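Enquirer: Pasting in a structure now, in structure tokens, and then I'll have a few things to ask.
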Amino acid sequence: MSDLRELYQETVMDHNRRPRNFRALDEATCSLEGYNPLCGDRVIVALKLEDGVVTDIGFQGSGCAISKASASMMTETVKGKTREEAEELFQGFHQMITRPDDGDYDPEMLGDLEALAGVAEYPTRIKCVMLGWHTLRGALRGQRETVATEESSRMSEG
Ligand code: ZN
């Protein structure tokens, strides 16, 4: 448990205890469900997209502490961002989470999300931490079928 405790930094624990934007959206323009069969995490991300900007976002569901905290932090981060900025954040976050031991990432761009950087050392947790983000990206791209985190956790070249 000691390595896991390191993972649960204060920010992460706080988001798990008091998830932000944990609610349904009345006027969502897109929403999508995500499922991580490995852990049983389920999340529904709903957002309001106006003129290409995420003006409101909420999530619901149930899952482990990491999946919940990560989804909560994701909603805080992308609110007010454009669709393109949200895609860039996805890439930056994914790069941090799937980086090799000596891999680099951009802490300035990621801000508070850096609290989750330690997850990179726990491959079994990568799908948990990425679930909310995969679901967000699917929703932004107009995907309708449930996103399942079945694909390889390492990004293929190119
Ligand atoms: Zn999980």
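Just remember, in the structure tokens the first chain shown is A, the second B, etc., residues are 1-based per chain, and ligands are 1-based in the order shown.
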Taking only C-alpha atoms and all ligand atoms into account, which residues are within 8 Å of ligand 1, as a ChimeraX atom specification?

Expert: /A:36,38-41,63-67,125,127-129

Enquirer: For C-alpha atoms, I'd like the residues from the last selection saved as a PDB file, in the first residue's frame.

Expert:
```pdb
ATOM      1  CA  ASN A  36     -12.910   0.642 -17.950  1.00  0.00           C
ATOM      2  CA  LEU A  38     -10.239  -3.759 -16.088  1.00  0.00           C
ATOM      3  CA  CYS A  39     -11.287  -1.954 -12.926  1.00  0.00           C
ATOM      4  CA  GLY A  40     -15.027  -1.534 -13.366  1.00  0.00           C
ATOM      5  CA  ASP A  41     -14.862   2.270 -13.543  1.00  0.00           C
ATOM      6  CA  GLY A  63     -15.226   3.989  -9.933  1.00  0.00           C
ATOM      7  CA  CYS A  64     -11.990   3.816  -8.035  1.00  0.00           C
ATOM      8  CA  ALA A  65     -10.418   6.853  -6.362  1.00  0.00           C
ATOM      9  CA  ILE A  66      -8.000   7.498  -9.214  1.00  0.00           C
ATOM     10  CA  SER A  67     -10.632   7.409 -11.953  1.00  0.00           C
ATOM     11  CA  ARG A 125      -3.817   2.405 -13.113  1.00  0.00           C
ATOM     12  CA  LYS A 127      -6.683   3.090 -17.809  1.00  0.00           C
ATOM     13  CA  CYS A 128      -8.324   4.420 -14.644  1.00  0.00           C
ATOM     14  CA  VAL A 129      -6.638   7.784 -14.889  1.00  0.00           C
TER      15      VAL A 129
END
```

Enquirer: Near A:His94, counting only C-alpha atoms, which residues have an atom at most 10 Å away, once you skip same-chain residues fewer than 2 positions from it, shown as a PyMOL selection string?

Expert: chain A and resi 88-92+96-99+105+120+126+129-130+133-134+153-155

Enquirer: Which residue is closest to A:Val45? Choose from A:Thr149, A:Thr82, A:Thr11, A:Gln60 and count only C-alpha atoms.

Expert: A:Gln60

Enquirer: Extract the full set of strand (DSSP E) residues from chain A according to DSSP on the backbone, and format it as a list in words.

Expert: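 Checking each residue of chain A, the strand (DSSP E) ones are Cys30, Ser31, Leu32, Glu33, Gly34, Tyr35, Asn36, Asp41, Arg42, Val43, Ile44, Val45, Ala46, Leu47, Lys48, Leu49, Glu50, Val53, Val54, Thr55, Asp56, Ile57, Gly58, Phe59, Gln60, Gly61, Ser62, Val147 and Ala148 of chain A.
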
Enquirer: Which residues are close to stretch 20-22 of chain A, i.e. within 8 Å by only C-alpha atoms, leaving aside same-chain residues fewer than 6 positions away? Reply as a PyMOL selection string.

Expert: chain A and resi 57-60+72-73+75-76

Enquirer: Report as a ChimeraX atom specification: the residues of stretch 11-65 of chain A with a DSSP assignment of helix (DSSP H, G or I), based on the backbone of this structure.

Expert: /A:11-17,65

Enquirer: Give me the residues within 9 Å of A:Leu140 as a PyMOL selection string, counting only C-alpha atoms and dropping any in the same chain fewer than 3 places off.

Expert: chain A and resi 30-31+47+49+83+86-87+135-137+143

Enquirer: Using the selection just defined, write its residues with C-alpha atoms as a PDB file, in the first residue's frame.

Expert:
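Generated file (selection-v4.pdb):
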```
ATOM      1  CA  CYS A  30     -22.873  16.220 -26.066  1.00  0.00           C
ATOM      2  CA  SER A  31     -22.425  13.440 -23.576  1.00  0.00           C
ATOM      3  CA  LEU A  47     -20.635  19.049 -21.753  1.00  0.00           C
ATOM      4  CA  LEU A  49     -20.127  23.297 -26.341  1.00  0.00           C
ATOM      5  CA  ARG A  83     -12.210  22.113 -28.275  1.00  0.00           C
ATOM      6  CA  ALA A  86      -8.999  20.369 -24.736  1.00  0.00           C
ATOM      7  CA  GLU A  87      -7.487  18.057 -27.380  1.00  0.00           C
ATOM      8  CA  THR A 135     -14.576   9.918 -22.652  1.00  0.00           C
ATOM      9  CA  LEU A 136     -14.168  13.690 -22.956  1.00  0.00           C
ATOM     10  CA  ARG A 137     -12.319  13.345 -26.252  1.00  0.00           C
ATOM     11  CA  GLN A 143     -18.750   9.782 -30.689  1.00  0.00           C
TER      12      GLN A 143
END
```

Enquirer: I'd like the contact shell of A:Pro107 - 10 Å cut-off, only C-alpha atoms, skipping same-chain residues fewer than 6 positions apart - returned as a compact mmCIF listing (two decimals) with all heavy atoms, in the first residue's frame.

Expert:
```txt
# COMPACT_ATOMS: atom_id res chain seq x y z
N GLY A 92 -1.23 16.20 -23.95
CA GLY A 92 -0.21 16.50 -22.94
C GLY A 92 -0.34 15.60 -21.72
O GLY A 92 0.65 15.10 -21.19
N PHE A 93 -1.59 15.38 -21.30
CA PHE A 93 -1.84 14.53 -20.14
C PHE A 93 -1.47 13.08 -20.46
O PHE A 93 -0.80 12.40 -19.67
CB PHE A 93 -3.31 14.64 -19.74
CG PHE A 93 -3.65 13.90 -18.46
CD1 PHE A 93 -3.21 14.37 -17.24
CD2 PHE A 93 -4.42 12.75 -18.50
CE1 PHE A 93 -3.52 13.69 -16.06
CE2 PHE A 93 -4.74 12.07 -17.32
CZ PHE A 93 -4.29 12.54 -16.11
N MET A 96 2.19 12.56 -20.39
CA MET A 96 2.72 12.47 -19.04
C MET A 96 2.46 11.09 -18.43
O MET A 96 3.34 10.48 -17.81
CB MET A 96 2.08 13.56 -18.15
CG MET A 96 2.51 13.49 -16.68
SD MET A 96 1.75 14.79 -15.68
CE MET A 96 0.13 14.09 -15.33
N LEU A 113 -2.86 19.12 -12.94
CA LEU A 113 -2.90 17.73 -13.41
C LEU A 113 -1.61 17.00 -13.11
O LEU A 113 -1.56 15.77 -13.09
CB LEU A 113 -3.17 17.69 -14.92
CG LEU A 113 -4.50 18.27 -15.40
CD1 LEU A 113 -4.54 18.27 -16.92
CD2 LEU A 113 -5.67 17.47 -14.85
N GLU A 114 -0.55 17.75 -12.85
CA GLU A 114 0.74 17.14 -12.57
C GLU A 114 0.68 16.28 -11.30
O GLU A 114 1.51 15.39 -11.11
CB GLU A 114 1.83 18.22 -12.43
CG GLU A 114 3.21 17.64 -12.61
CD GLU A 114 4.32 18.63 -12.28
OE1 GLU A 114 4.03 19.78 -11.93
OE2 GLU A 114 5.48 18.21 -12.37
N ALA A 115 -0.30 16.54 -10.44
CA ALA A 115 -0.46 15.73 -9.23
C ALA A 115 -0.65 14.25 -9.57
O ALA A 115 -0.43 13.38 -8.73
CB ALA A 115 -1.65 16.23 -8.41
N ALA A 117 1.01 12.71 -12.02
CA ALA A 117 2.18 12.24 -12.79
C ALA A 117 2.68 10.88 -12.31
O ALA A 117 3.15 10.07 -13.11
CB ALA A 117 3.31 13.27 -12.71
```
